[in-house]
Amino acid sequence: MRVVTVPEREELPLVDRQILALLGDHIDNPTALKSFVLDFVDAWDDRYLRLTTDLEDHSGVAAVDAILSIKTTATMVGASRLADLAADLENLIRVDEYPAAAALLPRLHSCALQTIEALLREAETNG
């Protein structure tokens with residue numbers, strides 16, 4: 001059995017305020033930005049459940065779709081660390097490293113919860 005490790009990325013911010021500000025500029029509506037952030041937060045549990053189920057089933061195409069959903073939306077809201085971790089997980093899934101991908105799930109979940117807290121603080125401060 002091959003051991004796959006994914007490096008910690010603590011140097012990346014949980015929330016990149018510049019990216020979040022760019023999204024806000026693009027949307028040009030503070031209420032809509034806050035709504036977008038809240039939608040990201042509200043969708044987390046469903047996205048994570050879908051990903052874990054697809055990984056347990058070794059359903060590669062569905063798992064890639066699930067992790068891409070997480071990675072894309074994380075990137076859009078400036079959740080840099082979460083997006084980077086999702087990219088690592090995507091790479092593992094694409095090469096059928098399901099045990100390594102499953103082992104990474106607790107880190108992804110923990111990072112997401114920290115990110116959600118940071119995003120909610122940002123939304124309250126700036127929204």
# chains A, B, ... in the order shown; residues from 1 in each chain; ligands from 1
>>> residues_around(residues="Arg50 (chain A)", least_positions_apart="4", cutoff="7 Å", atoms="only C-alpha atoms", output="PyMOL selection string")
chain A and resi 46+54+66
>>> residues_around(residues="Glu10 (chain A)", least_positions_apart="2", cutoff="12 Å", atoms="only C-alpha atoms", output="PDB file with N, CA, C and O atoms, in the first residue's frame")
ATOM      1  N   PRO A   7       0.601  18.080   2.257  1.00  0.00           N
ATOM      2  CA  PRO A   7       1.193  19.032   3.195  1.00  0.00           C
ATOM      3  C   PRO A   7       0.148  19.967   3.807  1.00  0.00           C
ATOM      4  O   PRO A   7      -0.891  20.246   3.199  1.00  0.00           O
ATOM      5  N   GLU A   8       0.442  20.406   5.015  1.00  0.00           N
ATOM      6  CA  GLU A   8      -0.389  21.418   5.654  1.00  0.00           C
ATOM      7  C   GLU A   8      -0.208  22.722   4.897  1.00  0.00           C
ATOM      8  O   GLU A   8       0.868  22.996   4.382  1.00  0.00           O
ATOM      9  N   LEU A  12      -1.709  29.733   3.999  1.00  0.00           N
ATOM     10  CA  LEU A  12      -2.812  30.303   3.228  1.00  0.00           C
ATOM     11  C   LEU A  12      -3.885  30.819   4.182  1.00  0.00           C
ATOM     12  O   LEU A  12      -4.182  30.182   5.192  1.00  0.00           O
ATOM     13  N   PRO A  13      -4.489  31.952   3.850  1.00  0.00           N
ATOM     14  CA  PRO A  13      -5.542  32.468   4.737  1.00  0.00           C
ATOM     15  C   PRO A  13      -6.809  31.625   4.639  1.00  0.00           C
ATOM     16  O   PRO A  13      -7.086  31.026   3.601  1.00  0.00           O
ATOM     17  N   LEU A  14      -7.542  31.576   5.731  1.00  0.00           N
ATOM     18  CA  LEU A  14      -8.850  30.928   5.670  1.00  0.00           C
ATOM     19  C   LEU A  14      -9.727  31.676   4.680  1.00  0.00           C
ATOM     20  O   LEU A  14     -10.401  31.069   3.858  1.00  0.00           O
ATOM     21  N   VAL A  15      -9.710  33.008   4.770  1.00  0.00           N
ATOM     22  CA  VAL A  15     -10.478  33.852   3.850  1.00  0.00           C
ATOM     23  C   VAL A  15      -9.555  34.940   3.319  1.00  0.00           C
ATOM     24  O   VAL A  15      -8.995  35.712   4.094  1.00  0.00           O
ATOM     25  N   SER A  80      -9.288  30.412   0.510  1.00  0.00           N
ATOM     26  CA  SER A  80      -8.068  29.929  -0.140  1.00  0.00           C
ATOM     27  C   SER A  80      -7.577  28.598   0.399  1.00  0.00           C
ATOM     28  O   SER A  80      -7.223  27.700  -0.372  1.00  0.00           O
ATOM     29  N   ARG A  81      -7.527  28.463   1.706  1.00  0.00           N
ATOM     30  CA  ARG A  81      -7.011  27.223   2.294  1.00  0.00           C
ATOM     31  C   ARG A  81      -7.931  26.043   1.970  1.00  0.00           C
ATOM     32  O   ARG A  81      -7.465  24.961   1.626  1.00  0.00           O
ATOM     33  N   LEU A  82      -9.225  26.278   2.043  1.00  0.00           N
ATOM     34  CA  LEU A  82     -10.192  25.219   1.735  1.00  0.00           C
ATOM     35  C   LEU A  82     -10.114  24.835   0.260  1.00  0.00           C
ATOM     36  O   LEU A  82     -10.128  23.657  -0.080  1.00  0.00           O
ATOM     37  N   ASP A  84      -7.556  25.104  -1.719  1.00  0.00           N
ATOM     38  CA  ASP A  84      -6.298  24.402  -1.950  1.00  0.00           C
ATOM     39  C   ASP A  84      -6.372  22.955  -1.460  1.00  0.00           C
ATOM     40  O   ASP A  84      -5.920  22.033  -2.139  1.00  0.00           O
ATOM     41  N   LEU A  85      -6.957  22.764  -0.302  1.00  0.00           N
ATOM     42  CA  LEU A  85      -7.131  21.412   0.238  1.00  0.00           C
ATOM     43  C   LEU A  85      -8.074  20.597  -0.654  1.00  0.00           C
ATOM     44  O   LEU A  85      -7.833  19.414  -0.910  1.00  0.00           O
ATOM     45  N   ARG A 107      -9.521  16.677   7.749  1.00  0.00           N
ATOM     46  CA  ARG A 107      -8.840  17.969   7.571  1.00  0.00           C
ATOM     47  C   ARG A 107      -9.694  18.921   6.747  1.00  0.00           C
ATOM     48  O   ARG A 107      -9.777  20.107   7.048  1.00  0.00           O
ATOM     49  N   CYS A 111     -11.137  22.376   8.247  1.00  0.00           N
ATOM     50  CA  CYS A 111     -10.812  23.611   7.535  1.00  0.00           C
ATOM     51  C   CYS A 111     -12.094  24.331   7.125  1.00  0.00           C
ATOM     52  O   CYS A 111     -12.200  25.556   7.251  1.00  0.00           O
ATOM     53  N   GLN A 114     -13.676  26.081  10.157  1.00  0.00           N
ATOM     54  CA  GLN A 114     -12.917  27.299  10.484  1.00  0.00           C
ATOM     55  C   GLN A 114     -13.201  28.393   9.454  1.00  0.00           C
ATOM     56  O   GLN A 114     -13.348  29.568   9.792  1.00  0.00           O
TER      57      GLN A 114
END
>>> residues_around(residues="region 68-79 of chain A", least_positions_apart="4", cutoff="8 Å", atoms="only C-alpha atoms", output="JSON, numbers by chain")
{"A": [13, 14, 15, 16, 17, 18, 19, 20, 23, 37, 40, 47, 64, 83, 84, 86, 87, 90, 115]}
>>> write_last_selection(atoms="all heavy atoms", output="short mmCIF file (atom, residue, chain, number, x, y, z; two decimals), in the first residue's frame")
data_model
loop_
_atom_site.label_atom_id
_atom_site.label_comp_id
_atom_site.auth_asym_id
_atom_site.auth_seq_id
_atom_site.Cartn_x
_atom_site.Cartn_y
_atom_site.Cartn_z
N PRO A 13 -4.49 31.95 3.85
CA PRO A 13 -5.54 32.47 4.74
C PRO A 13 -6.81 31.62 4.64
O PRO A 13 -7.09 31.03 3.60
CB PRO A 13 -5.79 33.88 4.19
CG PRO A 13 -5.41 33.80 2.75
CD PRO A 13 -4.27 32.80 2.69
N LEU A 14 -7.54 31.58 5.73
CA LEU A 14 -8.85 30.93 5.67
C LEU A 14 -9.73 31.68 4.68
O LEU A 14 -10.40 31.07 3.86
CB LEU A 14 -9.52 30.91 7.04
CG LEU A 14 -8.94 29.93 8.05
CD1 LEU A 14 -9.54 30.17 9.43
CD2 LEU A 14 -9.16 28.49 7.61
N VAL A 15 -9.71 33.01 4.77
CA VAL A 15 -10.48 33.85 3.85
C VAL A 15 -9.55 34.94 3.32
O VAL A 15 -9.00 35.71 4.09
CB VAL A 15 -11.70 34.49 4.54
CG1 VAL A 15 -12.44 35.42 3.58
CG2 VAL A 15 -12.64 33.42 5.07
N ASP A 16 -9.41 34.97 2.02
CA ASP A 16 -8.63 36.02 1.38
C ASP A 16 -9.57 37.20 1.17
O ASP A 16 -10.46 37.17 0.31
CB ASP A 16 -8.09 35.51 0.04
CG ASP A 16 -7.17 36.50 -0.64
OD1 ASP A 16 -7.40 37.72 -0.52
OD2 ASP A 16 -6.21 36.05 -1.30
N ARG A 17 -9.37 38.23 1.97
CA ARG A 17 -10.28 39.39 1.94
C ARG A 17 -10.28 40.09 0.59
O ARG A 17 -11.28 40.67 0.19
CB ARG A 17 -9.91 40.35 3.05
CG ARG A 17 -10.24 39.82 4.41
CD ARG A 17 -9.96 40.85 5.49
NE ARG A 17 -10.37 40.34 6.77
CZ ARG A 17 -9.55 40.10 7.77
NH1 ARG A 17 -8.26 40.33 7.64
NH2 ARG A 17 -10.00 39.64 8.91
N GLN A 18 -9.15 40.05 -0.12
CA GLN A 18 -9.09 40.70 -1.43
C GLN A 18 -10.01 39.99 -2.44
O GLN A 18 -10.70 40.64 -3.22
CB GLN A 18 -7.67 40.73 -1.96
CG GLN A 18 -6.78 41.70 -1.20
CD GLN A 18 -5.36 41.72 -1.75
OE1 GLN A 18 -4.86 40.70 -2.21
NE2 GLN A 18 -4.74 42.88 -1.70
N ILE A 19 -10.01 38.68 -2.41
CA ILE A 19 -10.88 37.93 -3.32
C ILE A 19 -12.34 38.16 -2.96
O ILE A 19 -13.19 38.37 -3.83
CB ILE A 19 -10.53 36.43 -3.32
CG1 ILE A 19 -9.14 36.24 -3.92
CG2 ILE A 19 -11.58 35.63 -4.09
CD1 ILE A 19 -8.60 34.83 -3.83
N LEU A 20 -12.63 38.14 -1.66
CA LEU A 20 -14.00 38.39 -1.21
C LEU A 20 -14.43 39.81 -1.61
O LEU A 20 -15.55 40.01 -2.07
CB LEU A 20 -14.11 38.19 0.30
CG LEU A 20 -15.51 38.15 0.89
CD1 LEU A 20 -16.36 37.07 0.25
CD2 LEU A 20 -15.45 37.96 2.39
N LEU A 23 -15.23 39.84 -5.29
CA LEU A 23 -16.56 39.28 -5.51
C LEU A 23 -17.61 40.32 -5.17
O LEU A 23 -18.58 40.50 -5.92
CB LEU A 23 -16.75 38.01 -4.66
CG LEU A 23 -18.13 37.36 -4.74
CD1 LEU A 23 -18.44 36.89 -6.17
CD2 LEU A 23 -18.20 36.19 -3.76
N VAL A 37 -22.43 34.45 0.52
CA VAL A 37 -21.63 33.83 1.59
C VAL A 37 -22.50 32.90 2.42
O VAL A 37 -22.10 31.77 2.73
CB VAL A 37 -20.95 34.91 2.47
CG1 VAL A 37 -20.38 34.30 3.74
CG2 VAL A 37 -19.85 35.62 1.68
N PHE A 40 -23.14 29.72 0.61
CA PHE A 40 -21.96 28.85 0.69
C PHE A 40 -21.96 28.11 2.02
O PHE A 40 -21.76 26.89 2.07
CB PHE A 40 -20.67 29.68 0.54
CG PHE A 40 -19.42 28.89 0.78
CD1 PHE A 40 -18.86 28.13 -0.23
CD2 PHE A 40 -18.80 28.90 2.03
CE1 PHE A 40 -17.71 27.39 -0.01
CE2 PHE A 40 -17.64 28.16 2.26
CZ PHE A 40 -17.10 27.41 1.24
N ARG A 47 -22.85 19.41 0.62
CA ARG A 47 -21.70 19.15 -0.24
C ARG A 47 -20.76 18.12 0.40
O ARG A 47 -20.26 17.22 -0.27
CB ARG A 47 -20.93 20.44 -0.52
CG ARG A 47 -21.61 21.33 -1.52
CD ARG A 47 -20.72 22.51 -1.91
NE ARG A 47 -21.36 23.30 -2.93
CZ ARG A 47 -21.72 24.56 -2.78
NH1 ARG A 47 -21.47 25.20 -1.66
NH2 ARG A 47 -22.31 25.20 -3.77
N VAL A 64 -15.46 13.44 -7.94
CA VAL A 64 -14.80 14.59 -8.57
C VAL A 64 -15.78 15.74 -8.71
O VAL A 64 -15.45 16.90 -8.42
CB VAL A 64 -14.18 14.20 -9.94
CG1 VAL A 64 -13.80 15.45 -10.74
CG2 VAL A 64 -12.97 13.32 -9.74
N ALA A 83 -10.02 25.82 -0.62
CA ALA A 83 -9.91 25.55 -2.06
C ALA A 83 -8.65 24.75 -2.37
O ALA A 83 -8.68 23.83 -3.18
CB ALA A 83 -9.94 26.85 -2.85
N ASP A 84 -7.56 25.10 -1.72
CA ASP A 84 -6.30 24.40 -1.95
C ASP A 84 -6.37 22.96 -1.46
O ASP A 84 -5.92 22.03 -2.14
CB ASP A 84 -5.16 25.16 -1.25
CG ASP A 84 -3.80 24.77 -1.77
OD1 ASP A 84 -3.55 24.99 -2.97
OD2 ASP A 84 -3.01 24.23 -0.98
N ALA A 86 -9.11 21.24 -1.17
CA ALA A 86 -10.04 20.56 -2.08
C ALA A 86 -9.31 20.15 -3.36
O ALA A 86 -9.56 19.08 -3.90
CB ALA A 86 -11.22 21.47 -2.40
N ALA A 87 -8.39 21.00 -3.84
CA ALA A 87 -7.61 20.65 -5.03
C ALA A 87 -6.74 19.42 -4.76
O ALA A 87 -6.62 18.54 -5.62
CB ALA A 87 -6.75 21.83 -5.46
N GLU A 90 -9.04 16.51 -4.80
CA GLU A 90 -9.43 16.22 -6.19
C GLU A 90 -8.34 15.40 -6.89
O GLU A 90 -8.64 14.42 -7.58
CB GLU A 90 -9.65 17.53 -6.95
CG GLU A 90 -9.96 17.32 -8.41
CD GLU A 90 -9.91 18.60 -9.22
OE1 GLU A 90 -9.72 19.69 -8.65
OE2 GLU A 90 -10.04 18.49 -10.45
N THR A 115 -13.27 28.00 8.20
CA THR A 115 -13.54 28.94 7.11
C THR A 115 -14.93 29.54 7.25
O THR A 115 -15.11 30.75 7.07
CB THR A 115 -13.39 28.24 5.75
OG1 THR A 115 -12.05 27.75 5.64
CG2 THR A 115 -13.70 29.17 4.61
#
>>> closest_residue(among="A:Glu117, A:Asp96, A:Glu11, A:Glu124", to="Asp57 (chain A)", atoms="only C-alpha atoms")
A:Asp96
>>> residues_around(residues="Asp88 (chain A)", least_positions_apart="4", cutoff="9 Å", atoms="only C-alpha atoms", output="PDB file with N, CA and C atoms, in the first residue's frame")
ATOM      1  N   VAL A   6      -0.412  14.797   2.234  1.00  0.00           N
ATOM      2  CA  VAL A   6      -0.754  16.116   1.708  1.00  0.00           C
ATOM      3  C   VAL A   6      -0.231  17.133   2.710  1.00  0.00           C
ATOM      4  N   ALA A  83     -10.018  25.821  -0.619  1.00  0.00           N
ATOM      5  CA  ALA A  83      -9.913  25.546  -2.056  1.00  0.00           C
ATOM      6  C   ALA A  83      -8.653  24.755  -2.370  1.00  0.00           C
ATOM      7  N   ASP A  84      -7.556  25.104  -1.719  1.00  0.00           N
ATOM      8  CA  ASP A  84      -6.298  24.402  -1.950  1.00  0.00           C
ATOM      9  C   ASP A  84      -6.372  22.955  -1.460  1.00  0.00           C
ATOM     10  N   LEU A  92      -6.165  13.393  -5.579  1.00  0.00           N
ATOM     11  CA  LEU A  92      -6.172  12.025  -5.058  1.00  0.00           C
ATOM     12  C   LEU A  92      -7.310  11.201  -5.661  1.00  0.00           C
ATOM     13  N   ILE A  93      -8.472  11.821  -5.775  1.00  0.00           N
ATOM     14  CA  ILE A  93      -9.622  11.108  -6.344  1.00  0.00           C
ATOM     15  C   ILE A  93      -9.356  10.753  -7.806  1.00  0.00           C
ATOM     16  N   ALA A 101      -7.698   9.842   0.021  1.00  0.00           N
ATOM     17  CA  ALA A 101      -8.716  10.889  -0.061  1.00  0.00           C
ATOM     18  C   ALA A 101      -9.622  10.845   1.168  1.00  0.00           C
ATOM     19  N   LEU A 104      -8.119  12.308   4.187  1.00  0.00           N
ATOM     20  CA  LEU A 104      -8.022  13.765   4.137  1.00  0.00           C
ATOM     21  C   LEU A 104      -9.343  14.445   4.524  1.00  0.00           C
TER      22      LEU A 104
END
>>> residues_around(residues="Leu33 (chain A)", least_positions_apart="6", cutoff="10 Å", atoms="only C-alpha atoms", output="number ranges by chain")
A: 20-21, 23-27, 39, 77, 123, 126-127
>>> write_last_selection(atoms="all heavy atoms", output="PDB file, in the first residue's frame")
ATOM      1  N   LEU A  20     -12.630  38.141  -1.658  1.00  0.00           N
ATOM      2  CA  LEU A  20     -13.996  38.393  -1.213  1.00  0.00           C
ATOM      3  C   LEU A  20     -14.429  39.808  -1.613  1.00  0.00           C
ATOM      4  O   LEU A  20     -15.553  40.013  -2.066  1.00  0.00           O
ATOM      5  CB  LEU A  20     -14.111  38.189   0.303  1.00  0.00           C
ATOM      6  CG  LEU A  20     -15.510  38.151   0.886  1.00  0.00           C
ATOM      7  CD1 LEU A  20     -16.357  37.066   0.253  1.00  0.00           C
ATOM      8  CD2 LEU A  20     -15.445  37.962   2.394  1.00  0.00           C
ATOM      9  N   ALA A  21     -13.517  40.774  -1.502  1.00  0.00           N
ATOM     10  CA  ALA A  21     -13.822  42.149  -1.910  1.00  0.00           C
ATOM     11  C   ALA A  21     -14.060  42.226  -3.420  1.00  0.00           C
ATOM     12  O   ALA A  21     -14.958  42.948  -3.876  1.00  0.00           O
ATOM     13  CB  ALA A  21     -12.692  43.090  -1.496  1.00  0.00           C
ATOM     14  N   LEU A  23     -15.231  39.842  -5.294  1.00  0.00           N
ATOM     15  CA  LEU A  23     -16.557  39.276  -5.508  1.00  0.00           C
ATOM     16  C   LEU A  23     -17.613  40.322  -5.171  1.00  0.00           C
ATOM     17  O   LEU A  23     -18.579  40.502  -5.920  1.00  0.00           O
ATOM     18  CB  LEU A  23     -16.754  38.008  -4.665  1.00  0.00           C
ATOM     19  CG  LEU A  23     -18.131  37.357  -4.740  1.00  0.00           C
ATOM     20  CD1 LEU A  23     -18.444  36.894  -6.168  1.00  0.00           C
ATOM     21  CD2 LEU A  23     -18.205  36.190  -3.761  1.00  0.00           C
ATOM     22  N   GLY A  24     -17.415  41.022  -4.068  1.00  0.00           N
ATOM     23  CA  GLY A  24     -18.343  42.082  -3.682  1.00  0.00           C
ATOM     24  C   GLY A  24     -18.422  43.178  -4.726  1.00  0.00           C
ATOM     25  O   GLY A  24     -19.512  43.670  -5.044  1.00  0.00           O
ATOM     26  N   ASP A  25     -17.270  43.555  -5.281  1.00  0.00           N
ATOM     27  CA  ASP A  25     -17.255  44.567  -6.347  1.00  0.00           C
ATOM     28  C   ASP A  25     -17.989  44.068  -7.577  1.00  0.00           C
ATOM     29  O   ASP A  25     -18.713  44.820  -8.233  1.00  0.00           O
ATOM     30  CB  ASP A  25     -15.817  44.936  -6.724  1.00  0.00           C
ATOM     31  CG  ASP A  25     -15.105  45.726  -5.639  1.00  0.00           C
ATOM     32  OD1 ASP A  25     -15.782  46.218  -4.702  1.00  0.00           O
ATOM     33  OD2 ASP A  25     -13.863  45.827  -5.712  1.00  0.00           O
ATOM     34  N   HIS A  26     -17.789  42.801  -7.895  1.00  0.00           N
ATOM     35  CA  HIS A  26     -18.443  42.214  -9.070  1.00  0.00           C
ATOM     36  C   HIS A  26     -19.958  42.166  -8.881  1.00  0.00           C
ATOM     37  O   HIS A  26     -20.723  42.480  -9.796  1.00  0.00           O
ATOM     38  CB  HIS A  26     -17.885  40.824  -9.351  1.00  0.00           C
ATOM     39  CG  HIS A  26     -18.473  40.154 -10.538  1.00  0.00           C
ATOM     40  ND1 HIS A  26     -18.206  40.561 -11.823  1.00  0.00           N
ATOM     41  CD2 HIS A  26     -19.342  39.127 -10.637  1.00  0.00           C
ATOM     42  CE1 HIS A  26     -18.876  39.808 -12.664  1.00  0.00           C
ATOM     43  NE2 HIS A  26     -19.570  38.917 -11.965  1.00  0.00           N
ATOM     44  N   ILE A  27     -20.379  41.760  -7.709  1.00  0.00           N
ATOM     45  CA  ILE A  27     -21.810  41.679  -7.413  1.00  0.00           C
ATOM     46  C   ILE A  27     -22.388  43.089  -7.262  1.00  0.00           C
ATOM     47  O   ILE A  27     -23.518  43.345  -7.647  1.00  0.00           O
ATOM     48  CB  ILE A  27     -22.071  40.824  -6.151  1.00  0.00           C
ATOM     49  CG1 ILE A  27     -21.694  39.374  -6.416  1.00  0.00           C
ATOM     50  CG2 ILE A  27     -23.514  40.939  -5.708  1.00  0.00           C
ATOM     51  CD1 ILE A  27     -21.761  38.476  -5.204  1.00  0.00           C
ATOM     52  N   ASP A  39     -25.205  31.395   1.472  1.00  0.00           N
ATOM     53  CA  ASP A  39     -25.523  30.221   0.656  1.00  0.00           C
ATOM     54  C   ASP A  39     -24.370  29.213   0.682  1.00  0.00           C
ATOM     55  O   ASP A  39     -24.593  28.001   0.760  1.00  0.00           O
ATOM     56  CB  ASP A  39     -25.822  30.628  -0.793  1.00  0.00           C
ATOM     57  CG  ASP A  39     -27.167  31.304  -0.953  1.00  0.00           C
ATOM     58  OD1 ASP A  39     -27.991  31.250  -0.016  1.00  0.00           O
ATOM     59  OD2 ASP A  39     -27.381  31.905  -2.029  1.00  0.00           O
ATOM     60  N   VAL A  77     -15.483  32.545  -3.004  1.00  0.00           N
ATOM     61  CA  VAL A  77     -15.643  33.360  -1.787  1.00  0.00           C
ATOM     62  C   VAL A  77     -14.313  33.690  -1.129  1.00  0.00           C
ATOM     63  O   VAL A  77     -14.282  34.290  -0.066  1.00  0.00           O
ATOM     64  CB  VAL A  77     -16.600  32.709  -0.751  1.00  0.00           C
ATOM     65  CG1 VAL A  77     -17.992  32.577  -1.309  1.00  0.00           C
ATOM     66  CG2 VAL A  77     -16.060  31.404  -0.217  1.00  0.00           C
ATOM     67  N   ALA A 123     -18.805  38.549   6.853  1.00  0.00           N
ATOM     68  CA  ALA A 123     -20.134  38.961   6.388  1.00  0.00           C
ATOM     69  C   ALA A 123     -20.775  39.942   7.367  1.00  0.00           C
ATOM     70  O   ALA A 123     -21.402  40.917   6.952  1.00  0.00           O
ATOM     71  CB  ALA A 123     -21.029  37.741   6.176  1.00  0.00           C
ATOM     72  N   ASN A 126     -18.630  43.323   7.176  1.00  0.00           N
ATOM     73  CA  ASN A 126     -18.696  44.071   5.922  1.00  0.00           C
ATOM     74  C   ASN A 126     -20.067  44.075   5.265  1.00  0.00           C
ATOM     75  O   ASN A 126     -20.216  44.621   4.187  1.00  0.00           O
ATOM     76  CB  ASN A 126     -17.651  43.510   4.937  1.00  0.00           C
ATOM     77  CG  ASN A 126     -16.261  43.635   5.507  1.00  0.00           C
ATOM     78  OD1 ASN A 126     -15.894  44.680   6.001  1.00  0.00           O
ATOM     79  ND2 ASN A 126     -15.508  42.560   5.436  1.00  0.00           N
ATOM     80  N   GLY A 127     -21.003  43.386   5.823  1.00  0.00           N
ATOM     81  CA  GLY A 127     -22.312  43.290   5.161  1.00  0.00           C
ATOM     82  C   GLY A 127     -23.333  43.992   5.909  1.00  0.00           C
ATOM     83  O   GLY A 127     -24.114  44.695   5.952  1.00  0.00           O
TER      84      GLY A 127
END
>>> residues_around(residues="Tyr98 (chain A)", least_positions_apart="6", cutoff="12 Å", atoms="only C-alpha atoms", output="tab-separated table (two decimals) with C-alpha atoms, in the first residue's frame")
chain	number	residue	atom	x	y	z
A	1	MET	CA	0.00	0.00	0.00
A	2	ARG	CA	1.33	3.41	-0.97
A	3	VAL	CA	1.28	6.18	1.64
A	4	VAL	CA	0.17	9.53	0.29
A	51	LEU	CA	-18.47	13.93	-1.14
A	52	THR	CA	-18.13	11.45	1.72
A	53	THR	CA	-20.83	9.21	0.26
A	54	ASP	CA	-19.23	9.26	-3.18
A	55	LEU	CA	-15.82	8.45	-1.71
A	56	GLU	CA	-17.23	5.56	0.33
A	57	ASP	CA	-18.84	4.22	-2.84
A	58	HIS	CA	-15.59	4.72	-4.81
A	59	SER	CA	-17.65	6.64	-7.31
A	60	GLY	CA	-14.86	8.58	-8.97
A	63	ALA	CA	-16.66	12.34	-6.12
A	64	VAL	CA	-14.80	14.59	-8.57
A	89	LEU	CA	-8.32	15.93	-2.56
A	90	GLU	CA	-9.43	16.22	-6.19
A	91	ASN	CA	-5.98	15.07	-7.33
A	92	LEU	CA	-6.17	12.02	-5.06
A	104	LEU	CA	-8.02	13.76	4.14
A	105	LEU	CA	-11.74	14.28	4.84
>>> select_by_dssp(residues="chain A", states="helix (DSSP H, G or I)", output="MDAnalysis selection string")
chainID A and resid 17:27 30:56 60:76 80:94 98:126
